[in-house]
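In what follows, a structure is listed as structure tokens, so that the remarks can point back to it.
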Amino acid sequence: MSSAFRTDGQATPQAPSDPLVRLAPGVTSPAPSAAARPDRRVSLGVLDPSVTLYLQFCRISDTATALFTLFGLFVVDNLGRLPTGLDEFLSARLSVKNLLLVLAFAASWHLSCRWMGLYDWGRIRQRKDESKRVCLAVLVGSALAIAFPLTSVSGSFRMEVVGSFLAVGTMLILLARALLRSTIVVETRSCHNVVIVGCGPRGQDLYNRIRSEAGKEIRVIGFADSADFTRGLETDRSCSLDELERVLMKEEVDEVLIALPVKSCYSEIQRVIQICERLGIPVKYSAQLFEHARLQPRVEDSASGPFLAVPAAADGPRIIVKRSIDLVLASLATLLISPLLLVIALAIKLTSPGPILFSQLRYGRGRRRFKMYKFRTMVDGAEARQAALETLNEAQGPVFKIKRDPRITRLGAILRRTSLDELPQLWNVLRGDMSLVGPRPLPLRDVSNFNEGWLMRRFSVFPGITGLWQVSGRSDIPFDDWIQLDLAYIDRWSLRLDLWIMARTVPAVLTGRGAT
């Protein structure tokens with residue numbers, strides 16, 4: 001550090017290679033076991049622009065290379081079986097099933113790359129770490145590609161193609177990333193020098209995160225705050241806001257990070273922004289204007305100008321992927337189990353009078369009503385008899401459950417125990433009323449008995465055919481615990497969690513635990 005950062009008019013000594021080792025009392029670098037663990041992802045927003053561009057290109061390149069490799073190998077493997085060669089292959093029509101498989105593979109491949117950390121610079125900064133993660137991602141992709149030979153009716157997509165993809169795909173993706181890295185990423189030995197404006201808890205937290213996650217690429221060269229705050233620091237690498245412009249003119253500063261509370265320091269933040277604009281130094285400040293227990297705000301552009309949006313639940317590209325997975329899996333499942341659906345429909349028709357399907361209004365996302373479908377498991381007109389059975393309700397809370405409901409038919413008891421009565425809800429998924437995974441949609445009667453506002457948060461996402469409640473015991477779980485499971489799903493939602501729940505659904509259905 002040069003002599004620019006000082007508070008008493010005296011020149012400060014040159015900063016050590018590890019700057020700001022001693023801060024205000026109580027501010028320490030976090031323990032590696034907690035804050036520096038590689039799985040913690042906190043975006044500091046101070047990556048080199050070339051690195052950001054590299055990661056964006058990789059998102060496109062990885063998927064394009066995987067698809068090109070997989071289907072290029074498929075074409076090569078089948079050329080000898082086509083009398084007229086490549087022309088005959090190109091003239092073949094692409095079926096809807098194959099198109100859905102390709103879309104599902106592309107989405108799943110991209111997710112596997114993300115899970116392997118291939119778009120997290122902190123994990124792939126070293127080329128050897130990047131190579132290891134690419135190999136793991138291609139291994140997972142090869143497992144996903146097994147769906148093609150398993151569903152190939154003609155047998156033209158062979159397992160040998162998947163085996164070749166494991167080797168060729170790894171090589172081509174590594175090559176593509178090496179070319180992109182050498183072309184885009186600007187390798188530099190100098191650090192990204194930043195100044196933190198704010199010496200309070202926000203500034204201290206930001207400093208600790210930079211120390212633990214950014215490593216040596218980002219270097220905090222000093223703090224700036226009001227004279228009262230900087231006077232209390234146990235470091236002379238600080239300056240007051242009055243001195244900030246002079247300091248920025250003399251120091252090698254790449255970026256200024258504002259960590260002041262907006263409500264009490266609005267004028268100071270505005271002043272710092274004006275100084276940085278005047279000197280041509282990039283400045284960043286947190287979008288976390290207010291305290292949010294769960295929700296993460298984001299900036300959105302609109303015709304009326306930029307707004308800070310606070311979504312009620314997870315959204316963005318991941319929701320588009322979730323919807324795509326819903327459509328692909330629901331379509332495939334409907335096609336595969338269509339004979340079973342016909343058998344169940346015929347059995348219902350032959351064993352009891354009344355319609356095959358039971359429909360009921362339920363509350364979905366945003367408390368919008370939709371008609372949910374199930375195979376009928378009760379006698380015809382069972383809904384009209386529910387009021388007379390209210391005194392027999394065995395469930396706690398506002399829901400209605402009877403283990404030995406007298407309205408259930410003999411076939412209906414089997415369908416409920418095996419959860420086969422839920423299969424028509426695949427149509428609700430295809431229509432967009434429901435998702436494969438989510439909180440269970442509740443009847444109007446149950447929701448009308450809600451008397452606390454926090455219960456309504458379960459309607460911030462699409463309801464699902466299965467969810468945490470279903471794989472945790474269903475009707476054996478008290479209502480309060482049921483709702484807590486729904487809220488935990490909303491707060492912790494990820495595509496990985498959805499896949500975990502779907503995998504757990506199979507044994508839950510086979511055991512029939514909690515089914516009524």
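Lettering and numbering for the structure tokens are positional, with chains as A, B, ... in the shown order, residues counted from 1 in each chain, and ligands counted from 1 in the shown order.
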May I have all residues of region 234-475 of chain A that DSSP, computed from the backbone, assigns to alpha helix (DSSP H), given as a ChimeraX atom specification?
-> /A:241-250,266-279,317-336,338-351,410-418,425-431,444-447,468-471
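In this comparison, which uses only C-alpha atoms, the residue of A:Ala259, A:Met372, A:Leu361, A:Leu175 approaching Asp205 (chain A) most closely is A:Ala259.
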Could you give me, as an MDAnalysis selection string, the residues within 10 Å of Ile275 (chain A), counting only C-alpha atoms and dropping anything in the same chain fewer than 5 positions from it?
-> chainID A and resid 244:246 248 269:270 280:281 283
Any chance you can output those residues with N, CA and C atoms as a PDB file, in the first residue's frame?
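As written to disk, result_36.pdb reads:
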ATOM      1  N   LEU A 244     -11.458  10.038   0.059  1.00  0.00           N
ATOM      2  CA  LEU A 244     -11.581   8.935  -0.899  1.00  0.00           C
ATOM      3  C   LEU A 244     -11.169   9.336  -2.308  1.00  0.00           C
ATOM      4  N   GLU A 245     -11.614  10.485  -2.785  1.00  0.00           N
ATOM      5  CA  GLU A 245     -11.293  10.874  -4.160  1.00  0.00           C
ATOM      6  C   GLU A 245      -9.788  11.024  -4.343  1.00  0.00           C
ATOM      7  N   ARG A 246      -9.116  11.627  -3.378  1.00  0.00           N
ATOM      8  CA  ARG A 246      -7.671  11.787  -3.490  1.00  0.00           C
ATOM      9  C   ARG A 246      -6.964  10.435  -3.480  1.00  0.00           C
ATOM     10  N   LEU A 248      -8.237   7.500  -4.471  1.00  0.00           N
ATOM     11  CA  LEU A 248      -8.499   6.780  -5.723  1.00  0.00           C
ATOM     12  C   LEU A 248      -7.676   7.346  -6.875  1.00  0.00           C
ATOM     13  N   ILE A 269     -23.624   7.068   0.009  1.00  0.00           N
ATOM     14  CA  ILE A 269     -23.533   6.161  -1.146  1.00  0.00           C
ATOM     15  C   ILE A 269     -23.597   6.951  -2.444  1.00  0.00           C
ATOM     16  N   GLN A 270     -24.513   7.913  -2.499  1.00  0.00           N
ATOM     17  CA  GLN A 270     -24.634   8.736  -3.697  1.00  0.00           C
ATOM     18  C   GLN A 270     -23.339   9.507  -3.954  1.00  0.00           C
ATOM     19  N   GLY A 280     -13.939   7.539 -13.289  1.00  0.00           N
ATOM     20  CA  GLY A 280     -13.981   6.418 -14.231  1.00  0.00           C
ATOM     21  C   GLY A 280     -13.628   5.093 -13.594  1.00  0.00           C
ATOM     22  N   ILE A 281     -13.970   4.893 -12.332  1.00  0.00           N
ATOM     23  CA  ILE A 281     -13.698   3.640 -11.620  1.00  0.00           C
ATOM     24  C   ILE A 281     -15.013   2.888 -11.430  1.00  0.00           C
ATOM     25  N   VAL A 283     -17.964   0.782  -9.895  1.00  0.00           N
ATOM     26  CA  VAL A 283     -18.456   0.729  -8.522  1.00  0.00           C
ATOM     27  C   VAL A 283     -19.617  -0.258  -8.457  1.00  0.00           C
TER      28      VAL A 283
END
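Here CA of Asn393 (chain A) stands at a distance of 14.8 Å from CA of Ile408 (chain A).
The smallest atom-to-atom distance between Ala145 (chain A) and any of A:Asn193, A:Ser212, A:Gln484, A:Thr69, using only C-alpha atoms, is found for A:Thr69.
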Can you tell me, as a ChimeraX atom specification, what residues are no more than 12 Å from Asp481 (chain A) when counting only C-alpha atoms, ignoring any on the same chain fewer than 6 positions away?
-> /A:396-397,455,468-469,472-475,487-488
Deliver the residues from the most recent selection as a file, using N, CA, C and O atoms, as an mmCIF file, in the first residue's frame.
data_model
loop_
_atom_site.group_PDB
_atom_site.id
_atom_site.type_symbol
_atom_site.label_atom_id
_atom_site.label_comp_id
_atom_site.auth_asym_id
_atom_site.auth_seq_id
_atom_site.Cartn_x
_atom_site.Cartn_y
_atom_site.Cartn_z
ATOM 1 N N GLN A 396 -55.569 -34.009 12.045
ATOM 2 C CA GLN A 396 -55.422 -32.766 12.780
ATOM 3 C C GLN A 396 -55.369 -31.605 11.811
ATOM 4 O O GLN A 396 -54.956 -31.749 10.668
ATOM 5 N N GLY A 397 -55.790 -30.434 12.289
ATOM 6 C CA GLY A 397 -55.740 -29.262 11.427
ATOM 7 C C GLY A 397 -56.944 -29.176 10.508
ATOM 8 O O GLY A 397 -57.969 -29.830 10.718
ATOM 9 N N LEU A 455 -49.549 -20.076 6.250
ATOM 10 C CA LEU A 455 -49.947 -21.307 5.563
ATOM 11 C C LEU A 455 -50.091 -21.090 4.060
ATOM 12 O O LEU A 455 -49.981 -22.034 3.277
ATOM 13 N N LEU A 468 -42.223 -33.925 -0.814
ATOM 14 C CA LEU A 468 -41.603 -34.371 0.435
ATOM 15 C C LEU A 468 -42.610 -35.056 1.350
ATOM 16 O O LEU A 468 -42.273 -36.000 2.065
ATOM 17 N N TRP A 469 -43.846 -34.580 1.352
ATOM 18 C CA TRP A 469 -44.877 -35.184 2.204
ATOM 19 C C TRP A 469 -45.137 -36.625 1.796
ATOM 20 O O TRP A 469 -45.209 -37.528 2.630
ATOM 21 N N SER A 472 -42.381 -39.032 2.785
ATOM 22 C CA SER A 472 -42.036 -39.013 4.207
ATOM 23 C C SER A 472 -43.080 -39.673 5.088
ATOM 24 O O SER A 472 -42.940 -39.668 6.312
ATOM 25 N N GLY A 473 -44.136 -40.220 4.480
ATOM 26 C CA GLY A 473 -45.135 -40.903 5.295
ATOM 27 C C GLY A 473 -46.570 -40.542 5.018
ATOM 28 O O GLY A 473 -47.484 -41.143 5.569
ATOM 29 N N ARG A 474 -46.821 -39.523 4.196
ATOM 30 C CA ARG A 474 -48.175 -39.123 3.804
ATOM 31 C C ARG A 474 -49.087 -38.928 5.014
ATOM 32 O O ARG A 474 -48.776 -38.129 5.899
ATOM 33 N N SER A 475 -50.183 -39.670 5.095
ATOM 34 C CA SER A 475 -51.198 -39.403 6.114
ATOM 35 C C SER A 475 -50.739 -39.724 7.532
ATOM 36 O O SER A 475 -51.418 -39.374 8.496
ATOM 37 N N LEU A 487 -43.058 -26.155 3.065
ATOM 38 C CA LEU A 487 -42.282 -24.919 3.101
ATOM 39 C C LEU A 487 -40.789 -25.198 2.968
ATOM 40 O O LEU A 487 -40.056 -24.415 2.354
ATOM 41 N N ALA A 488 -40.338 -26.307 3.539
ATOM 42 C CA ALA A 488 -38.928 -26.684 3.386
ATOM 43 C C ALA A 488 -38.608 -26.970 1.922
ATOM 44 O O ALA A 488 -37.533 -26.607 1.424
#
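You can rank A:Arg445, A:Arg158, A:Arg368, A:Arg440 by their closest distance to Val75 (chain A) using only C-alpha atoms, and at the top of that list sits A:Arg158.
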Selection near Leu442 (chain A), 12 Å with only C-alpha atoms, sequence-local residues under 4 positions removed, as a ChimeraX atom specification = /A:360-365,367-372,398-400,438,446-450,455-456,458-459,462-465,483
Suppose we keep C-alpha atoms; can you now write the selection as a compact mmCIF listing (two decimals), in the first residue's frame?
# COMPACT_ATOMS: atom_id res chain seq x y z
CA GLN A 360 -62.41 -31.84 -8.01
CA LEU A 361 -61.55 -28.17 -7.77
CA ARG A 362 -58.22 -27.64 -6.04
CA TYR A 363 -56.04 -24.63 -5.27
CA GLY A 364 -52.86 -24.32 -7.36
CA ARG A 365 -50.14 -21.73 -7.69
CA ARG A 367 -54.46 -19.86 -5.15
CA ARG A 368 -55.84 -20.21 -8.67
CA ARG A 369 -58.45 -22.92 -8.90
CA PHE A 370 -58.10 -25.80 -11.33
CA LYS A 371 -59.86 -29.10 -11.87
CA MET A 372 -57.69 -32.01 -10.68
CA PRO A 398 -57.98 -28.12 8.57
CA VAL A 399 -57.67 -31.25 6.38
CA PHE A 400 -60.11 -34.17 6.18
CA GLY A 438 -44.40 -29.99 -5.44
CA ASP A 446 -59.40 -27.56 3.48
CA VAL A 447 -58.01 -24.19 2.41
CA SER A 448 -61.14 -22.39 3.61
CA ASN A 449 -60.21 -23.57 7.12
CA PHE A 450 -56.75 -21.96 7.01
CA LEU A 455 -49.95 -21.31 5.56
CA MET A 456 -50.58 -19.56 2.25
CA ARG A 458 -47.34 -23.17 0.00
CA PHE A 459 -49.29 -21.68 -2.92
CA PHE A 462 -47.09 -25.25 -8.59
CA PRO A 463 -48.57 -28.23 -6.73
CA GLY A 464 -47.17 -31.65 -7.52
CA ILE A 465 -48.12 -35.28 -7.92
CA ILE A 483 -46.92 -27.90 6.02
Strand (DSSP E) call set, DSSP backbone run, region 248-433 of chain A, as a ChimeraX atom specification | /A:255-258,283-285,298-300,307-309,357-363,369-375
